[in-house]
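*Asks:* Let me begin by handing over the structure; questions about it come next.
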Amino acid sequence: MSLTEKAWEIFNQSVNDYHIKDDVNSEEINPFQPNSLEWILYLKNWIDTVQWHLEDIIREEDIDPIEALKIKRRIDKLNQKRTDLVEQIDFWFYKKFETITPNSDARINSETPAWSIDRFSILSLKIYHMSIEASREDASEEHKLQCSQKLQVLLEQKKDLSTAIDQLLSDIENGKVKMKLYKQMKMYNDESLNPILYQKMQKK
């Protein structure tokens, strides 16, 4: 089984587990060995799934502004966790390939393996929800047809992205691409880098 086949299986397990209760406050019960790649992938997708549904909730037109702000703060925290997990996945790959000596003409890829896998995780959610829309009984035939067409595009994207990820990992393993780690350097959550936060701290 390729890495993308394994990841896709784990992502769908996470999505299906979440939708048993379909509740953004449900407790995540990760079935995999803690800190294994499988465990990280499951947790990553669970966070993506919760965030997906929070993004739906916050778009309710009549939502209470105070509740909306609470949800926005929660989404920000989830975004930070998501970024941390992506970096953790990249570190896993870095350790896996650390004995590989890149070729003298090795390329640098514009996207690391983990950020490609991040998009792969989101894609699993798009396909899950578009599949529901394509067969929703209370929807019009036009709606279902449009969603079926969109679903076919998403399935093609899944095929292409999984191929691209597997090719990237193969190229790293064969020395054709240099594996490098990058920190996202997100500034808005850091009290020492966000001027709104540090100016407030200075006034205290």
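Naming works like this for the structure tokens: A, B, ... for the chains as they're shown, residue 1 at the start of each chain, ligands 1 onward in shown order.
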Could you give me, as JSON lines, every stretch 45-133 of chain A residue with an atom at most 10 Å from stretch 163-175 of chain A, plus its closest atom pair and distance in Å to one decimal, counting only C-alpha atoms, rows ordered by chain then number?
*Replies:*
```
{"residue": "A:Phe93", "atom": "CA", "partner": "A:Leu169", "partner_atom": "CA", "distance": 8.7}
{"residue": "A:Tyr94", "atom": "CA", "partner": "A:Ile172", "partner_atom": "CA", "distance": 9.8}
{"residue": "A:Lys96", "atom": "CA", "partner": "A:Glu173", "partner_atom": "CA", "distance": 9.0}
{"residue": "A:Phe97", "atom": "CA", "partner": "A:Glu173", "partner_atom": "CA", "distance": 6.4}
{"residue": "A:Glu98", "atom": "CA", "partner": "A:Glu173", "partner_atom": "CA", "distance": 9.6}
{"residue": "A:Thr99", "atom": "CA", "partner": "A:Glu173", "partner_atom": "CA", "distance": 9.4}
{"residue": "A:Ile100", "atom": "CA", "partner": "A:Gly175", "partner_atom": "CA", "distance": 6.5}
{"residue": "A:Thr101", "atom": "CA", "partner": "A:Gly175", "partner_atom": "CA", "distance": 6.2}
{"residue": "A:Pro102", "atom": "CA", "partner": "A:Gly175", "partner_atom": "CA", "distance": 4.0}
{"residue": "A:Asn103", "atom": "CA", "partner": "A:Gly175", "partner_atom": "CA", "distance": 5.1}
{"residue": "A:Ser104", "atom": "CA", "partner": "A:Gly175", "partner_atom": "CA", "distance": 8.7}
{"residue": "A:Asp105", "atom": "CA", "partner": "A:Gly175", "partner_atom": "CA", "distance": 9.0}
{"residue": "A:Ala106", "atom": "CA", "partner": "A:Gly175", "partner_atom": "CA", "distance": 6.4}
{"residue": "A:Arg107", "atom": "CA", "partner": "A:Gly175", "partner_atom": "CA", "distance": 8.9}
{"residue": "A:Ile108", "atom": "CA", "partner": "A:Ile172", "partner_atom": "CA", "distance": 9.7}
{"residue": "A:Asn109", "atom": "CA", "partner": "A:Leu168", "partner_atom": "CA", "distance": 8.3}
{"residue": "A:Glu111", "atom": "CA", "partner": "A:Leu168", "partner_atom": "CA", "distance": 9.7}
{"residue": "A:Thr112", "atom": "CA", "partner": "A:Leu168", "partner_atom": "CA", "distance": 8.8}
{"residue": "A:Pro113", "atom": "CA", "partner": "A:Ile165", "partner_atom": "CA", "distance": 6.6}
{"residue": "A:Ala114", "atom": "CA", "partner": "A:Ile165", "partner_atom": "CA", "distance": 9.2}
{"residue": "A:Trp115", "atom": "CA", "partner": "A:Ile165", "partner_atom": "CA", "distance": 9.9}
{"residue": "A:Ser116", "atom": "CA", "partner": "A:Ile165", "partner_atom": "CA", "distance": 6.6}
{"residue": "A:Ile117", "atom": "CA", "partner": "A:Ile165", "partner_atom": "CA", "distance": 7.5}
{"residue": "A:Phe120", "atom": "CA", "partner": "A:Ile165", "partner_atom": "CA", "distance": 9.1}
```
*Asks:* Using the chain letters and numbers from this document, which residues of stretch 72-186 of chain A does DSSP assign to alpha helix (DSSP H), as JSON, numbers by chain?
*Replies:* {"A": [72, 73, 74, 75, 76, 77, 78, 79, 80, 81, 82, 83, 84, 85, 86, 87, 88, 89, 90, 91, 92, 93, 94, 95, 96, 113, 114, 115, 116, 117, 118, 119, 120, 121, 122, 123, 124, 125, 126, 127, 128, 129, 130, 131, 132, 133, 134, 141, 142, 143, 144, 145, 146, 147, 148, 149, 150, 151, 152, 153, 154, 155, 156, 157, 158, 159, 160, 161, 162, 163, 164, 165, 166, 167, 168, 169, 170, 171, 172, 173]}
*Asks:* Using only C-alpha atoms, find the one residue out of A:Ile40, A:Val86, A:Leu3, A:Ile58 that sits nearest to A:Arg74.
*Replies:*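 Smallest distance to A:Arg74 is found for A:Ile58.
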*Asks:* Set the distance at 8 Å and use only C-alpha atoms: which residues neighbour stretch 20-33 of chain A once local chain neighbours fewer than 3 positions away are removed? I'd like the list as a list in words.
*Replies:*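 The neighbour list is Asn16, Asp17, Ser36, Glu38, Trp39, Tyr42, Leu43, Trp46, Val50, His53 and Leu54 of chain A.
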*Asks:* Go ahead and compute the interatomic distance for atom CA of A:Ser131 and atom CA of A:Leu151, in Å to one decimal.
*Replies:*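 Between atom CA of A:Ser131 and atom CA of A:Leu151 the gap works out to 6.6 Å.
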*Asks:* Do you know which residues are at most 12 Å from A:Lys183 counting only C-alpha atoms, after dropping those on the same chain fewer than 2 positions away, and could you put them as an MDAnalysis selection string?
*Replies:* chainID A and resid 83:88 90:91 112 114:115 180:181 185:187
*Asks:* Quick one: of A:Glu61, A:Asp118, A:Asp76, A:Glu142, who's nearest to A:Ser162, counting only C-alpha atoms?
*Replies:*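 Using only C-alpha atoms, A:Ser162 sits closest to A:Asp118.
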*Asks:* Using only C-alpha atoms, which of A:Ile127, A:Ser110, A:Ser148, A:Arg136 sits nearest A:Tyr182?
*Replies:*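 Among the listed residues, A:Ser110 lies closest to A:Tyr182.
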*Asks:* Tell me, in Å to one decimal, how far atom CA of A:Pro34 is from atom CA of A:Leu78.
*Replies:*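 So the answer is 19.3 Å.
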*Asks:* Please compute the atom CA of A:Ser121-atom CA of A:Lys178 distance, one decimal, in Å.
*Replies:* 23.7 Å
